[in-house]
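Raw contents of work_26.pdb, PDB, C-alpha atoms, pLDDT in the B column:
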ATOM      1  CA  VAL A   1     -27.529  35.415 -24.446  1.00 98.00           C
ATOM      2  CA  GLY A   2     -24.602  33.060 -23.950  1.00 98.00           C
ATOM      3  CA  LEU A   3     -22.661  30.914 -26.447  1.00 98.00           C
ATOM      4  CA  ASP A   4     -20.682  27.887 -25.282  1.00 96.00           C
ATOM      5  CA  PRO A   5     -18.745  27.002 -28.467  1.00 97.00           C
ATOM      6  CA  ALA A   6     -17.702  23.519 -29.613  1.00 95.00           C
ATOM      7  CA  MET A   7     -15.688  21.965 -32.461  1.00 92.00           C
ATOM      8  CA  GLY A   8     -18.714  21.187 -34.630  1.00 90.00           C
ATOM      9  CA  THR A   9     -17.330  17.790 -35.622  1.00 90.00           C
ATOM     10  CA  GLY A  10     -20.001  15.583 -34.052  1.00 89.00           C
ATOM     11  CA  GLY A  11     -18.710  15.471 -30.456  1.00 86.00           C
ATOM     12  CA  ASP A  12     -19.780  18.019 -27.853  1.00 90.00           C
ATOM     13  CA  ASN A  13     -22.655  20.340 -28.693  1.00 95.00           C
ATOM     14  CA  ALA A  14     -22.241  24.049 -29.159  1.00 97.00           C
ATOM     15  CA  ALA A  15     -24.997  25.688 -27.138  1.00 98.00           C
ATOM     16  CA  ILE A  16     -26.704  29.067 -26.946  1.00 98.00           C
ATOM     17  CA  GLN A  17     -28.995  30.027 -24.089  1.00 98.00           C
ATOM     18  CA  VAL A  18     -31.312  33.054 -23.990  1.00 98.00           C
ATOM     19  CA  TRP A  19     -32.670  34.307 -20.650  1.00 98.00           C
ATOM     20  CA  SER A  20     -34.965  37.286 -20.078  1.00 96.00           C
ATOM     21  CA  LEU A  21     -34.293  39.749 -17.286  1.00 93.00           C
ATOM     22  CA  PRO A  22     -35.402  40.699 -14.706  1.00 93.00           C
ATOM     23  CA  GLU A  23     -37.717  37.635 -14.747  1.00 95.00           C
ATOM     24  CA  MET A  24     -34.779  35.222 -15.236  1.00 96.00           C
ATOM     25  CA  ARG A  25     -36.821  32.984 -17.511  1.00 97.00           C
ATOM     26  CA  GLN A  26     -35.335  30.844 -20.218  1.00 98.00           C
ATOM     27  CA  VAL A  27     -36.826  32.043 -23.500  1.00 97.00           C
ATOM     28  CA  ALA A  28     -34.800  30.229 -26.162  1.00 97.00           C
ATOM     29  CA  GLU A  29     -31.962  27.806 -26.737  1.00 98.00           C
ATOM     30  CA  TRP A  30     -29.996  26.291 -29.578  1.00 98.00           C
ATOM     31  CA  GLN A  31     -27.594  23.384 -29.674  1.00 97.00           C
ATOM     32  CA  ASN A  32     -25.834  21.486 -32.412  1.00 97.00           C
ATOM     33  CA  ASN A  33     -22.766  19.273 -32.685  1.00 96.00           C
ATOM     34  CA  ARG A  34     -22.181  19.633 -36.444  1.00 96.00           C
ATOM     35  CA  THR A  35     -22.107  23.430 -36.850  1.00 97.00           C
ATOM     36  CA  ASP A  36     -18.605  24.878 -37.177  1.00 96.00           C
ATOM     37  CA  ILE A  37     -17.451  27.906 -35.179  1.00 96.00           C
ATOM     38  CA  ARG A  38     -18.353  30.340 -37.974  1.00 97.00           C
ATOM     39  CA  GLY A  39     -21.876  28.868 -38.089  1.00 98.00           C
ATOM     40  CA  GLN A  40     -22.182  29.037 -34.299  1.00 98.00           C
ATOM     41  CA  VAL A  41     -21.260  32.737 -34.269  1.00 98.00           C
ATOM     42  CA  LYS A  42     -23.615  33.395 -37.206  1.00 98.00           C
ATOM     43  CA  THR A  43     -26.405  31.657 -35.257  1.00 98.00           C
ATOM     44  CA  LEU A  44     -25.604  33.856 -32.245  1.00 98.00           C
ATOM     45  CA  HIS A  45     -25.784  36.937 -34.487  1.00 98.00           C
ATOM     46  CA  ASP A  46     -29.101  35.742 -35.981  1.00 98.00           C
ATOM     47  CA  ILE A  47     -30.610  35.197 -32.498  1.00 98.00           C
ATOM     48  CA  LEU A  48     -29.483  38.653 -31.349  1.00 98.00           C
ATOM     49  CA  THR A  49     -30.991  40.180 -34.506  1.00 98.00           C
ATOM     50  CA  ILE A  50     -34.300  38.361 -33.949  1.00 97.00           C
ATOM     51  CA  ILE A  51     -34.423  39.647 -30.356  1.00 96.00           C
ATOM     52  CA  LYS A  52     -33.653  43.200 -31.506  1.00 95.00           C
ATOM     53  CA  ASP A  53     -36.345  43.023 -34.216  1.00 95.00           C
ATOM     54  CA  GLU A  54     -38.943  41.579 -31.802  1.00 93.00           C
ATOM     55  CA  LEU A  55     -38.230  44.326 -29.261  1.00 93.00           C
ATOM     56  CA  LYS A  56     -38.643  46.894 -32.034  1.00 91.00           C
ATOM     57  CA  GLU A  57     -41.926  45.274 -33.101  1.00 91.00           C
ATOM     58  CA  LEU A  58     -43.150  45.346 -29.485  1.00 91.00           C
ATOM     59  CA  ASN A  59     -42.240  49.041 -29.438  1.00 87.00           C
ATOM     60  CA  ASP A  60     -39.710  48.289 -26.703  1.00 81.00           C
ATOM     61  CA  PRO A  61     -36.452  49.585 -28.198  1.00 72.00           C
ATOM     62  CA  GLY A  62     -35.166  50.659 -24.757  1.00 79.00           C
ATOM     63  CA  THR A  63     -34.697  47.083 -23.551  1.00 88.00           C
ATOM     64  CA  GLU A  64     -31.046  46.181 -23.563  1.00 95.00           C
ATOM     65  CA  ILE A  65     -29.554  43.012 -25.014  1.00 97.00           C
ATOM     66  CA  TYR A  66     -26.460  41.485 -23.417  1.00 98.00           C
ATOM     67  CA  TRP A  67     -24.436  38.654 -24.868  1.00 98.00           C
ATOM     68  CA  SER A  68     -21.126  36.872 -24.478  1.00 98.00           C
ATOM     69  CA  VAL A  69     -19.110  33.780 -25.308  1.00 98.00           C
ATOM     70  CA  GLU A  70     -16.890  31.478 -23.322  1.00 95.00           C
ATOM     71  CA  ASN A  71     -13.365  32.358 -24.404  1.00 94.00           C
ATOM     72  CA  ASN A  72     -11.487  29.237 -23.258  1.00 90.00           C
ATOM     73  CA  SER A  73      -9.725  27.243 -26.013  1.00 84.00           C
ATOM     74  CA  LEU A  74     -12.368  27.069 -28.796  1.00 86.00           C
ATOM     75  CA  GLY A  75     -13.744  30.386 -27.649  1.00 89.00           C
ATOM     76  CA  GLU A  76     -10.641  32.036 -29.084  1.00 92.00           C
ATOM     77  CA  ALA A  77     -11.807  30.920 -32.545  1.00 95.00           C
ATOM     78  CA  ALA A  78     -15.266  32.368 -31.808  1.00 96.00           C
ATOM     79  CA  LEU A  79     -13.655  35.691 -30.833  1.00 97.00           C
ATOM     80  CA  ILE A  80     -11.775  35.764 -34.147  1.00 96.00           C
ATOM     81  CA  VAL A  81     -14.999  35.109 -36.093  1.00 97.00           C
ATOM     82  CA  ILE A  82     -16.823  37.837 -34.119  1.00 98.00           C
ATOM     83  CA  GLU A  83     -14.026  40.255 -35.017  1.00 97.00           C
ATOM     84  CA  GLU A  84     -14.140  39.181 -38.694  1.00 98.00           C
ATOM     85  CA  MET A  85     -17.935  39.635 -38.790  1.00 98.00           C
ATOM     86  CA  ASP A  86     -17.505  43.091 -37.167  1.00 98.00           C
ATOM     87  CA  GLU A  87     -18.480  43.038 -33.523  1.00 97.00           C
ATOM     88  CA  ASP A  88     -20.306  46.361 -33.956  1.00 97.00           C
ATOM     89  CA  LYS A  89     -22.855  44.630 -36.212  1.00 97.00           C
ATOM     90  CA  PHE A  90     -23.947  42.337 -33.367  1.00 98.00           C
ATOM     91  CA  PRO A  91     -27.023  43.788 -31.630  1.00 97.00           C
ATOM     92  CA  GLY A  92     -26.604  44.420 -27.922  1.00 97.00           C
ATOM     93  CA  GLU A  93     -23.674  44.774 -25.582  1.00 97.00           C
ATOM     94  CA  PHE A  94     -20.844  42.226 -25.657  1.00 98.00           C
ATOM     95  CA  LEU A  95     -20.056  41.541 -21.985  1.00 97.00           C
ATOM     96  CA  HIS A  96     -16.611  40.593 -20.721  1.00 95.00           C
ATOM     97  CA  GLU A  97     -14.949  39.383 -17.549  1.00 90.00           C
ATOM     98  CA  PRO A  98     -14.677  42.334 -15.171  1.00 84.00           C
ATOM     99  CA  LYS A  99     -11.162  43.712 -14.667  1.00 76.00           C
ATOM    100  CA  LYS A 100      -9.570  42.691 -11.407  1.00 73.00           C
ATOM    101  CA  ARG A 101      -8.512  45.519  -9.130  1.00 67.00           C
ATOM    102  CA  GLY A 102      -4.908  46.560  -9.452  1.00 61.00           C
ATOM    103  CA  ILE A 103      -4.392  44.728 -12.740  1.00 56.00           C
ATOM    104  CA  GLN A 104      -3.627  46.975 -15.706  1.00 56.00           C
ATOM    105  CA  LYS A 105      -3.622  44.148 -18.256  1.00 62.00           C
ATOM    106  CA  SER A 106      -5.977  44.619 -21.205  1.00 57.00           C
ATOM    107  CA  ILE A 107      -9.231  42.741 -20.910  1.00 75.00           C
ATOM    108  CA  ARG A 108      -9.838  39.621 -22.990  1.00 85.00           C
ATOM    109  CA  LYS A 109     -13.271  39.589 -24.571  1.00 95.00           C
ATOM    110  CA  GLY A 110     -15.859  37.134 -23.327  1.00 96.00           C
ATOM    111  CA  PHE A 111     -15.671  35.042 -20.163  1.00 96.00           C
ATOM    112  CA  SER A 112     -12.986  32.564 -19.095  1.00 93.00           C
ATOM    113  CA  THR A 113     -14.201  29.554 -17.182  1.00 91.00           C
ATOM    114  CA  THR A 114     -11.881  28.649 -14.339  1.00 90.00           C
ATOM    115  CA  TYR A 115     -12.390  26.405 -11.335  1.00 90.00           C
ATOM    116  CA  LYS A 116     -13.307  29.430  -9.197  1.00 93.00           C
ATOM    117  CA  THR A 117     -15.673  31.096 -11.699  1.00 93.00           C
ATOM    118  CA  LYS A 118     -17.421  27.798 -12.458  1.00 94.00           C
ATOM    119  CA  ILE A 119     -18.006  26.985  -8.763  1.00 95.00           C
ATOM    120  CA  THR A 120     -19.283  30.508  -8.057  1.00 95.00           C
ATOM    121  CA  ALA A 121     -21.664  30.431 -11.042  1.00 96.00           C
ATOM    122  CA  CYS A 122     -22.875  26.912 -10.163  1.00 95.00           C
ATOM    123  CA  MET A 123     -23.657  27.947  -6.588  1.00 95.00           C
ATOM    124  CA  LYS A 124     -25.505  31.086  -7.744  1.00 97.00           C
ATOM    125  CA  MET A 125     -27.491  29.139 -10.383  1.00 97.00           C
ATOM    126  CA  LYS A 126     -28.384  26.434  -7.827  1.00 95.00           C
ATOM    127  CA  SER A 127     -29.573  29.069  -5.350  1.00 97.00           C
ATOM    128  CA  TRP A 128     -31.646  30.903  -7.960  1.00 97.00           C
ATOM    129  CA  MET A 129     -33.236  27.719  -9.326  1.00 96.00           C
ATOM    130  CA  GLU A 130     -34.024  26.238  -5.917  1.00 96.00           C
ATOM    131  CA  SER A 131     -35.635  29.516  -4.808  1.00 97.00           C
ATOM    132  CA  GLY A 132     -37.679  29.753  -8.027  1.00 96.00           C
ATOM    133  CA  LYS A 133     -35.944  32.963  -9.151  1.00 97.00           C
ATOM    134  CA  MET A 134     -34.548  31.301 -12.288  1.00 97.00           C
ATOM    135  CA  GLU A 135     -36.959  29.303 -14.454  1.00 95.00           C
ATOM    136  CA  PRO A 136     -35.710  26.840 -17.069  1.00 97.00           C
ATOM    137  CA  PHE A 137     -38.324  25.737 -19.602  1.00 96.00           C
ATOM    138  CA  SER A 138     -36.648  23.420 -22.102  1.00 97.00           C
ATOM    139  CA  ARG A 139     -36.775  19.694 -21.499  1.00 97.00           C
ATOM    140  CA  ASN A 140     -33.209  19.369 -22.747  1.00 97.00           C
ATOM    141  CA  LEU A 141     -31.838  21.884 -20.243  1.00 97.00           C
ATOM    142  CA  ILE A 142     -33.859  20.360 -17.394  1.00 97.00           C
ATOM    143  CA  ARG A 143     -32.536  16.893 -18.351  1.00 96.00           C
ATOM    144  CA  GLU A 144     -28.966  18.199 -18.314  1.00 96.00           C
ATOM    145  CA  LEU A 145     -29.522  19.911 -14.957  1.00 97.00           C
ATOM    146  CA  LYS A 146     -30.681  16.586 -13.487  1.00 96.00           C
ATOM    147  CA  THR A 147     -27.435  14.886 -14.571  1.00 95.00           C
ATOM    148  CA  PHE A 148     -25.132  17.814 -13.697  1.00 95.00           C
ATOM    149  CA  ILE A 149     -23.441  16.661 -10.513  1.00 91.00           C
ATOM    150  CA  ALA A 150     -20.644  17.472  -8.101  1.00 87.00           C
ATOM    151  CA  LYS A 151     -17.485  15.595  -9.083  1.00 87.00           C
ATOM    152  CA  GLY A 152     -14.491  16.098  -6.867  1.00 86.00           C
ATOM    153  CA  LYS A 153     -14.286  19.824  -6.194  1.00 84.00           C
ATOM    154  CA  SER A 154     -16.222  20.837  -9.314  1.00 87.00           C
ATOM    155  CA  PHE A 155     -19.403  20.096 -11.244  1.00 90.00           C
ATOM    156  CA  GLU A 156     -19.930  18.329 -14.561  1.00 91.00           C
ATOM    157  CA  ALA A 157     -22.234  15.967 -16.399  1.00 92.00           C
ATOM    158  CA  LYS A 158     -22.499  12.367 -15.247  1.00 93.00           C
ATOM    159  CA  THR A 159     -20.454  10.007 -17.396  1.00 92.00           C
ATOM    160  CA  GLY A 160     -22.222   9.496 -20.717  1.00 91.00           C
ATOM    161  CA  GLU A 161     -24.304  12.680 -20.367  1.00 93.00           C
ATOM    162  CA  THR A 162     -23.839  16.228 -21.713  1.00 91.00           C
ATOM    163  CA  ASP A 163     -23.704  19.608 -20.004  1.00 95.00           C
ATOM    164  CA  ASP A 164     -23.374  22.091 -22.871  1.00 96.00           C
ATOM    165  CA  LEU A 165     -26.763  23.730 -22.227  1.00 97.00           C
ATOM    166  CA  VAL A 166     -25.870  24.033 -18.546  1.00 97.00           C
ATOM    167  CA  SER A 167     -22.512  25.598 -19.492  1.00 97.00           C
ATOM    168  CA  ALA A 168     -24.236  28.182 -21.695  1.00 98.00           C
ATOM    169  CA  THR A 169     -26.652  28.896 -18.825  1.00 98.00           C
ATOM    170  CA  LEU A 170     -23.729  29.350 -16.422  1.00 98.00           C
ATOM    171  CA  LEU A 171     -22.332  31.916 -18.867  1.00 98.00           C
ATOM    172  CA  CYS A 172     -25.676  33.751 -18.647  1.00 98.00           C
ATOM    173  CA  VAL A 173     -25.521  33.570 -14.830  1.00 98.00           C
ATOM    174  CA  ARG A 174     -22.089  35.194 -14.929  1.00 97.00           C
ATOM    175  CA  GLN A 175     -23.400  37.936 -17.227  1.00 97.00           C
ATOM    176  CA  ILE A 176     -26.318  38.586 -14.851  1.00 97.00           C
ATOM    177  CA  GLN A 177     -23.821  38.958 -12.011  1.00 95.00           C
ATOM    178  CA  VAL A 178     -21.817  41.530 -14.039  1.00 94.00           C
ATOM    179  CA  ILE A 179     -24.959  43.470 -15.007  1.00 94.00           C
ATOM    180  CA  SER A 180     -26.168  43.483 -11.379  1.00 90.00           C
ATOM    181  CA  ARG A 181     -23.022  45.134  -9.980  1.00 83.00           C
TER     182      ARG A 181
END
Target format structure tokens, applied to this file:
Amino acid sequence: VGLDPAMGTGGDNAAIQVWSLPEMRQVAEWQNNRTDIRGQVKTLHDILTIIKDELKELNDPGTEIYWSVENNSLGEAALIVIEEMDEDKFPGEFLHEPKKRGIQKSIRKGFSTTYKTKITACMKMKSWMESGKMEPFSRNLIRELKTFIAKGKSFEAKTGETDDLVSATLLCVRQIQVISR
């Protein structure tokens, strides 16, 4: 489960993507451009709780839940809300950027999107989708994928389009890469 936070003031959408593993199928999504950061984190918590309860109902309590947030700019506010809501009350494991070798610095929670991490995740997602390993199901995500293009040395939505659902999916791709190591 990945949260790409937004201001919640009517501009960019905040987006949450939910992918099942090992099938790599999209099973749920949420997006909204009017929900504030606190509401976005509460929605994330609610989705994680629903997943936990459904797994319990299916008598599958051994299945693990992984989740994270993008921690760039607005993500810092999401991290504060997660801390205020008590991270331990969020079902599943909160995944973070892996520590780089030789660096003793404490780890920042969540995932930072940089030029390098975005390109790597985009290439992995493209490979998985083209080979049929990763299956998107929502019309909104598929629409965004069709307008998510190479621009300069990076990728982003065509002018006038959005890419928040793609960004949340890229966060899930990065989590899958961490889990797979």
- Message: When the PyMOL selection byres ((chain A and resi 67) around 10) is applied to the structure above, which residues does it catch, written out as a ChimeraX atom specification?
- Response: /A:1-3,17-18,44-45,48,65-66,68-69,90-96,110,171-172,175
Saved selection, atoms kept: C-alpha atoms, as a compact mmCIF listing (two decimals), in the frame of the given file:
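Result file out02.txt:
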# COMPACT_ATOMS: atom_id res chain seq x y z
CA VAL A 1 -27.53 35.42 -24.45
CA GLY A 2 -24.60 33.06 -23.95
CA LEU A 3 -22.66 30.91 -26.45
CA GLN A 17 -29.00 30.03 -24.09
CA VAL A 18 -31.31 33.05 -23.99
CA LEU A 44 -25.60 33.86 -32.24
CA HIS A 45 -25.78 36.94 -34.49
CA LEU A 48 -29.48 38.65 -31.35
CA ILE A 65 -29.55 43.01 -25.01
CA TYR A 66 -26.46 41.48 -23.42
CA SER A 68 -21.13 36.87 -24.48
CA VAL A 69 -19.11 33.78 -25.31
CA PHE A 90 -23.95 42.34 -33.37
CA PRO A 91 -27.02 43.79 -31.63
CA GLY A 92 -26.60 44.42 -27.92
CA GLU A 93 -23.67 44.77 -25.58
CA PHE A 94 -20.84 42.23 -25.66
CA LEU A 95 -20.06 41.54 -21.98
CA HIS A 96 -16.61 40.59 -20.72
CA GLY A 110 -15.86 37.13 -23.33
CA LEU A 171 -22.33 31.92 -18.87
CA CYS A 172 -25.68 33.75 -18.65
CA GLN A 175 -23.40 37.94 -17.23
- Task: Would you mind telling me which residue in A:Gly160, A:Ser20, A:Asn13, A:Thr147 lies nearest to Asp36 in chain A when using all atoms listed in the file?
- Result: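 Using all atoms listed in the file, the shortest distance to Asp36 in chain A belongs to A:Asn13.
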- Query: To one decimal place, how far is CA of Ile50 in chain A from CA of Lys124 in chain A in Å?
  - Reply: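 Those two atoms sit 28.6 Å apart.
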- Spell out the residues picked by the PyMOL selection byres ((chain A and resi 16) around 9) here, as a PyMOL selection string. chain A and resi 1-5+14-15+17-18+28-31+40+43-44+164-165+168-169
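Between Met7 in chain A and the candidates A:Val27, A:Glu76, A:Lys116, A:Trp19, the tightest atom-to-atom separation, counting all atoms listed in the file, involves A:Glu76.
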- Any idea what's packed within 12 Å of Lys126 in chain A, counting all atoms listed in the file, ignoring anything in its chain fewer than 6 positions away? Could you give it as a PyMOL selection string? chain A and resi 118-120+132-136+145-146+148-150+155+166+169-170+173
- Item | Straight-line distance linking CA of Arg139 in chain A with CA of Lys151 in chain A, stated in Å to one decimal |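 Between these atoms lies a distance of 23.3 Å.
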- Identify the residues around (-20.6, 14.5, -30.2) within a radius of 6 Å, measuring from all atoms listed in the file in the coordinates stated by the file, and give them as JSON, numbers by chain. {"A": [10, 11, 12, 33]}
- Message: Please report the interatomic distance between CA of Arg108 in chain A and CA of Asn71 in chain A in Å with one decimal.
- Response: 8.2 Å
- Given the choices A:Met123, A:Met129, A:Ile37, A:Leu21, which gets closest to Ile176 in chain A if the distance is worked out from all atoms listed in the file? A:Leu21
Size and centre in Å, one decimal, axis-aligned box, all listed range 71-89 of chain A atoms plus 8 Å per side, as JSON:
{"center_x": -16.3, "center_y": 36.7, "center_z": -31.0, "size_x": 29.1, "size_y": 35.3, "size_z": 31.5}
Apply the PyMOL selection byres ((chain A and resi 52) around 10) to the file shown and report the selected residues as a PDB file with C-alpha atoms, in the coordinates of the input.
ATOM      1  CA  ASP A  46     -29.101  35.742 -35.981  1.00 98.00           C
ATOM      2  CA  ILE A  47     -30.610  35.197 -32.498  1.00 98.00           C
ATOM      3  CA  LEU A  48     -29.483  38.653 -31.349  1.00 98.00           C
ATOM      4  CA  THR A  49     -30.991  40.180 -34.506  1.00 98.00           C
ATOM      5  CA  ILE A  50     -34.300  38.361 -33.949  1.00 97.00           C
ATOM      6  CA  ILE A  51     -34.423  39.647 -30.356  1.00 96.00           C
ATOM      7  CA  ASP A  53     -36.345  43.023 -34.216  1.00 95.00           C
ATOM      8  CA  GLU A  54     -38.943  41.579 -31.802  1.00 93.00           C
ATOM      9  CA  LEU A  55     -38.230  44.326 -29.261  1.00 93.00           C
ATOM     10  CA  LYS A  56     -38.643  46.894 -32.034  1.00 91.00           C
ATOM     11  CA  GLU A  57     -41.926  45.274 -33.101  1.00 91.00           C
ATOM     12  CA  LEU A  58     -43.150  45.346 -29.485  1.00 91.00           C
ATOM     13  CA  ASP A  60     -39.710  48.289 -26.703  1.00 81.00           C
ATOM     14  CA  PRO A  61     -36.452  49.585 -28.198  1.00 72.00           C
ATOM     15  CA  THR A  63     -34.697  47.083 -23.551  1.00 88.00           C
ATOM     16  CA  GLU A  64     -31.046  46.181 -23.563  1.00 95.00           C
ATOM     17  CA  ILE A  65     -29.554  43.012 -25.014  1.00 97.00           C
ATOM     18  CA  PHE A  90     -23.947  42.337 -33.367  1.00 98.00           C
ATOM     19  CA  PRO A  91     -27.023  43.788 -31.630  1.00 97.00           C
ATOM     20  CA  GLY A  92     -26.604  44.420 -27.922  1.00 97.00           C
TER      21      GLY A  92
END
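Distances from A:Lys42, A:Arg34, A:Pro22, A:Gly75 to Ser180 in chain A were compared using all atoms listed in the file, and the smallest one belongs to A:Pro22.
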- Query: Pick the closest to Ala77 in chain A from A:Arg38, A:Lys153, A:Lys109, A:Lys89: which is it, counting all atoms listed in the file?
  - Reply: A:Arg38
